[in-house]
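**Q** Contents of query.csv (CSV, C-alpha atoms):
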```
chain,number,residue,atom,x,y,z
A,707,ASP,CA,111.3,108.0,109.6
A,708,ARG,CA,111.7,107.1,105.9
A,709,VAL,CA,114.7,108.9,104.6
A,710,VAL,CA,117.0,109.2,101.6
A,711,ILE,CA,120.7,109.6,102.7
A,712,SER,CA,123.5,109.6,100.1
A,713,GLY,CA,121.1,108.1,97.5
A,714,VAL,CA,120.0,105.2,99.9
A,715,THR,CA,116.3,105.1,100.7
A,716,GLY,CA,115.2,103.4,103.9
A,717,ASP,CA,113.4,103.4,107.2
A,718,ILE,CA,115.6,104.4,110.2
A,719,THR,CA,115.7,101.5,112.7
A,720,ASP,CA,118.6,102.7,114.9
A,721,ILE,CA,121.1,105.5,115.4
A,722,THR,CA,124.3,104.8,117.4
A,723,LEU,CA,127.3,107.0,118.0
A,724,THR,CA,129.0,105.5,114.9
A,725,HIS,CA,126.2,104.4,112.5
A,726,ILE,CA,122.7,105.0,111.2
A,727,TYR,CA,120.9,101.8,110.4
A,728,LEU,CA,118.3,101.8,107.6
A,729,ASP,CA,115.9,99.0,106.5
A,730,GLU,CA,116.6,99.5,102.8
A,731,VAL,CA,113.7,100.4,100.6
A,732,GLY,CA,114.2,99.7,96.9
A,733,GLY,CA,117.8,98.7,96.2
A,734,THR,CA,117.2,95.2,94.9
A,735,VAL,CA,113.8,96.0,93.4
A,736,ASP,CA,112.2,98.9,91.5
A,737,GLY,CA,110.0,101.0,93.6
A,738,GLU,CA,109.7,101.6,97.3
A,739,GLU,CA,109.2,98.2,98.9
A,740,LYS,CA,111.5,96.9,101.6
A,741,SER,CA,114.4,94.8,100.2
A,742,ASN,CA,115.1,93.1,103.6
A,743,ARG,CA,118.6,94.4,103.6
A,744,THR,CA,120.0,96.6,106.4
A,745,VAL,CA,122.2,99.5,105.3
A,746,MET,CA,124.7,100.9,107.8
A,747,LEU,CA,125.8,104.4,107.2
A,748,PRO,CA,128.5,106.2,109.2
A,749,THR,CA,126.9,109.0,111.3
A,750,SER,CA,129.5,111.4,109.9
A,751,ILE,CA,127.6,111.3,106.6
A,752,ILE,CA,124.9,113.6,108.0
A,753,PHE,CA,127.4,116.5,108.0
A,754,ASP,CA,128.3,116.3,104.3
A,755,GLN,CA,125.2,114.7,102.5
A,756,GLU,CA,121.7,115.9,102.0
A,757,ILE,CA,119.0,114.1,103.8
A,758,ILE,CA,115.5,113.8,102.4
A,759,ASN,CA,112.9,112.9,105.1
A,760,TYR,CA,109.6,111.5,103.7
A,761,THR,CA,107.9,111.3,107.0
A,762,GLY,CA,109.5,114.1,109.1
A,763,ALA,CA,106.4,116.3,109.2
A,764,ASP,CA,103.7,113.5,108.8
A,765,ASP,CA,103.2,110.2,107.0
A,766,TYR,CA,101.8,111.7,103.7
A,767,ILE,CA,103.4,112.6,100.4
A,768,LEU,CA,102.2,113.8,97.0
A,769,ASP,CA,102.2,111.0,94.4
A,770,GLU,CA,101.1,110.9,90.8
A,771,ILE,CA,100.0,108.5,88.1
A,772,LYS,CA,100.5,109.3,84.4
A,773,VAL,CA,98.2,107.9,81.7
A,774,SER,CA,98.4,108.6,78.0
A,775,VAL,CA,95.1,108.8,76.1
A,776,THR,CA,94.5,109.3,72.4
A,777,TYR,CA,93.7,112.7,71.0
A,778,GLU,CA,90.4,111.2,69.9
A,779,SER,CA,89.4,110.3,73.5
A,780,ASN,CA,86.9,112.4,75.4
A,781,LEU,CA,89.2,114.3,77.7
A,782,GLU,CA,86.6,115.0,80.3
A,783,SER,CA,85.7,111.3,80.5
A,784,ALA,CA,89.4,110.5,80.8
A,785,GLU,CA,89.9,113.0,83.7
A,786,ASN,CA,86.7,111.6,85.4
A,787,ILE,CA,88.2,108.0,85.2
A,788,LEU,CA,91.4,109.1,86.8
A,789,ILE,CA,89.7,111.1,89.6
A,790,SER,CA,87.1,108.5,90.3
A,791,SER,CA,89.8,105.7,90.4
A,792,VAL,CA,91.8,107.7,93.0
A,793,GLU,CA,88.6,108.4,95.0
A,794,GLU,CA,87.5,104.8,95.0
A,795,ALA,CA,90.9,103.4,96.0
A,796,MET,CA,91.5,106.1,98.7
A,797,LYS,CA,87.9,106.3,100.2
A,798,ASP,CA,88.6,104.2,103.3
A,799,LEU,CA,92.1,105.6,103.8
A,800,TRP,CA,90.9,109.2,103.6
A,801,LYS,CA,88.7,108.5,106.7
A,802,LYS,CA,91.9,108.1,108.7
A,803,TYR,CA,93.7,111.2,107.3
A,804,PRO,CA,94.1,114.2,109.6
A,805,LYS,CA,91.9,117.2,108.5
A,806,LYS,CA,94.9,119.2,107.4
A,807,VAL,CA,95.9,116.6,104.7
A,808,GLU,CA,94.5,117.3,101.3
A,809,LYS,CA,92.1,114.6,100.1
A,810,LYS,CA,91.1,116.0,96.7
A,811,PRO,CA,93.0,114.6,93.7
A,812,HIS,CA,93.8,117.0,90.8
A,813,ILE,CA,94.7,116.6,87.1
A,814,ARG,CA,97.6,118.0,85.0
A,815,LEU,CA,97.7,117.6,81.2
A,816,ASN,CA,100.5,117.5,78.7
A,817,PHE,CA,100.5,117.1,74.9
A,818,LEU,CA,102.7,114.3,73.5
A,819,ALA,CA,103.3,113.1,70.0
A,820,SER,CA,101.1,110.1,70.4
A,821,GLY,CA,98.4,111.5,72.7
A,822,ILE,CA,97.5,113.5,75.7
A,823,GLU,CA,99.3,112.7,79.0
A,824,ALA,CA,96.9,113.0,81.9
A,825,THR,CA,98.5,113.0,85.3
A,826,VAL,CA,96.4,112.6,88.4
A,827,ARG,CA,98.1,113.8,91.6
A,828,TYR,CA,97.0,112.9,95.1
A,829,VAL,CA,98.3,112.7,98.7
A,830,THR,CA,99.1,109.2,99.8
A,831,ILE,CA,100.7,107.3,102.7
A,832,ALA,CA,104.4,107.4,102.1
A,833,LYS,CA,105.2,103.9,103.3
A,834,LYS,CA,102.2,102.4,101.3
A,835,ARG,CA,102.7,104.4,98.1
A,836,ASN,CA,103.5,101.5,95.8
A,837,GLN,CA,100.6,99.4,96.9
A,838,ILE,CA,98.1,102.3,96.7
A,839,SER,CA,99.3,103.4,93.3
A,840,THR,CA,99.0,99.8,92.0
A,841,ASP,CA,95.4,99.6,93.2
A,842,ILE,CA,94.6,102.9,91.5
A,843,ARG,CA,96.3,101.8,88.3
A,844,ARG,CA,94.2,98.6,88.3
A,845,LEU,CA,91.0,100.7,88.6
A,846,ILE,CA,92.1,103.1,85.8
A,847,HIS,CA,93.0,100.2,83.5
A,848,LYS,CA,89.6,98.5,84.1
A,849,LYS,CA,87.7,101.7,83.5
A,850,ILE,CA,89.5,102.7,80.4
A,851,ILE,CA,89.3,99.4,78.6
A,852,SER,CA,85.6,99.2,79.4
A,853,SER,CA,85.0,102.8,78.2
A,854,GLU,CA,83.8,103.7,74.7
A,855,LYS,CA,84.9,107.3,75.1
A,856,VAL,CA,88.6,106.8,76.2
A,857,GLU,CA,91.5,104.8,74.7
A,858,PHE,CA,95.0,104.4,75.8
A,859,ALA,CA,97.6,106.1,73.6
A,860,TYR,CA,100.9,104.5,72.7
A,861,PRO,CA,103.6,105.2,70.1
A,862,HIS,CA,102.7,103.5,66.8
A,863,SER,CA,102.5,104.2,63.1
A,864,GLU,CA,99.4,104.4,61.1
A,865,VAL,CA,99.3,104.3,57.3
A,866,LEU,CA,96.4,106.1,55.6
A,867,PHE,CA,95.5,105.5,52.0
A,868,ARG,CA,93.6,108.3,50.2
A,869,GLU,CA,92.3,108.5,46.7
A,870,LYS,CA,93.7,111.3,44.6
A,871,ASN,CA,91.3,114.0,43.6
A,872,LYS,CA,89.9,113.3,40.1
A,873,LYS,CA,89.5,116.3,37.8
```
Let's see the structure in the file written out as structure tokens.
**A**
Amino acid sequence: DRVVISGVTGDITDITLTHIYLDEVGGTVDGEEKSNRTVMLPTSIIFDQEIINYTGADDYILDEIKVSVTYESNLESAENILISSVEEAMKDLWKKYPKKVEKKPHIRLNFLASGIEATVRYVTIAKKRNQISTDIRRLIHKKIISSEKVEFAYPHSEVLFREKNKK
């Protein structure tokens, strides 16, 4: 199982009378890829620390990708880019998902000072989350930069010069 115990994320490799052994995930790197370090935690920790189990029920978790688009962007087109990117990246993986696992991505929106934050949420494979989200981000980037209806938003300043009304 992939777990978080006392702030340490890892895959359980062994449990003895005295220790829980985890193949650390993260730690030396950002994200959820294996660091190739083994973390040994005393088994007594399970009595006074919370344990989060990513894969206790199954191998799937909810993930999300946030993209900011300009207020001038066509929001429907932006949403379609996010959804189609997830569908394209997940198409072959979804064939292997159990029927009970949700396969339809969904969108959530938020207004920001510099644009609209569009979040696409989808169910992914817990242990492959980083690679899958990177593949989806590549598709989103490619589709947005080639779109004439959608632009990335980013914090910046714009100066507008206007002529005064002449009377």
**Q** Rank nothing, just name the residue among A:Glu823, A:Asp798, A:Asp764, A:Asp841 nearest to A:Thr776, using all atoms listed in the file.
**A**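 Of the candidates, the smallest distance to A:Thr776 is held by A:Glu823.
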**Q** Enter the distance from atom CA of A:Tyr803 to atom CA of A:Arg835, in Å, rounded to one decimal.
**A**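 Going from atom CA of A:Tyr803 over to atom CA of A:Arg835 covers 14.6 Å.
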**Q** So which one's closest to A:Lys849, A:Arg743, A:Val792, A:Lys870, A:Asn816? Using all atoms listed in the file, please.
**A**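 Nearest candidate to A:Lys849 out of A:Arg743, A:Val792, A:Lys870, A:Asn816: A:Val792.
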**Q** Nearest residue to A:Thr825 out of A:Glu785, A:Asp765, A:Asp736, A:Asp717, using all atoms listed in the file?
**A**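 Under the stated criterion, the closest residue is A:Glu785.
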**Q** In Å, rounded to a single decimal, give me how far atom CA of A:Ile718 is from atom CA of A:Glu730.
**A**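 These atoms are spaced 8.9 Å apart.
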**Q** Can you work out the spacing between atom CA of A:Val714 and atom CA of A:Arg843 in Å, to one decimal?
**A** 26.6 Å
**Q** I want to know what sits within 10 Å of A:Thr719, based on only C-alpha atoms, with residues of the same chain fewer than 3 positions away left out; could you give that as an NGL selection string?
**A** :A and (707-708 or 716 or 726-729 or 744)
**Q** Find the residues near A:Phe858: any atom within 10 Å, counting only C-alpha atoms, skip ones fewer than 2 places away on the same chain, and give them as a PyMOL selection string.
**A** chain A and resi 773-777+779+784+820-823+847+850-851+856+860
**Q** Find, counting only C-alpha atoms, the residue in A:Phe817, A:Lys855, A:Arg844, A:Gly733 that gets nearest to A:Asn786.
**A**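 Checking each candidate against A:Asn786, we get A:Lys855 as the closest.
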**Q** Hey, which of A:Ile789, A:Ala795, A:Leu747, A:Ile838 ends up closest to A:Arg814? Count only C-alpha atoms.
**A**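 Looking only at the distances to A:Arg814, the closest residue turns out to be A:Ile789.
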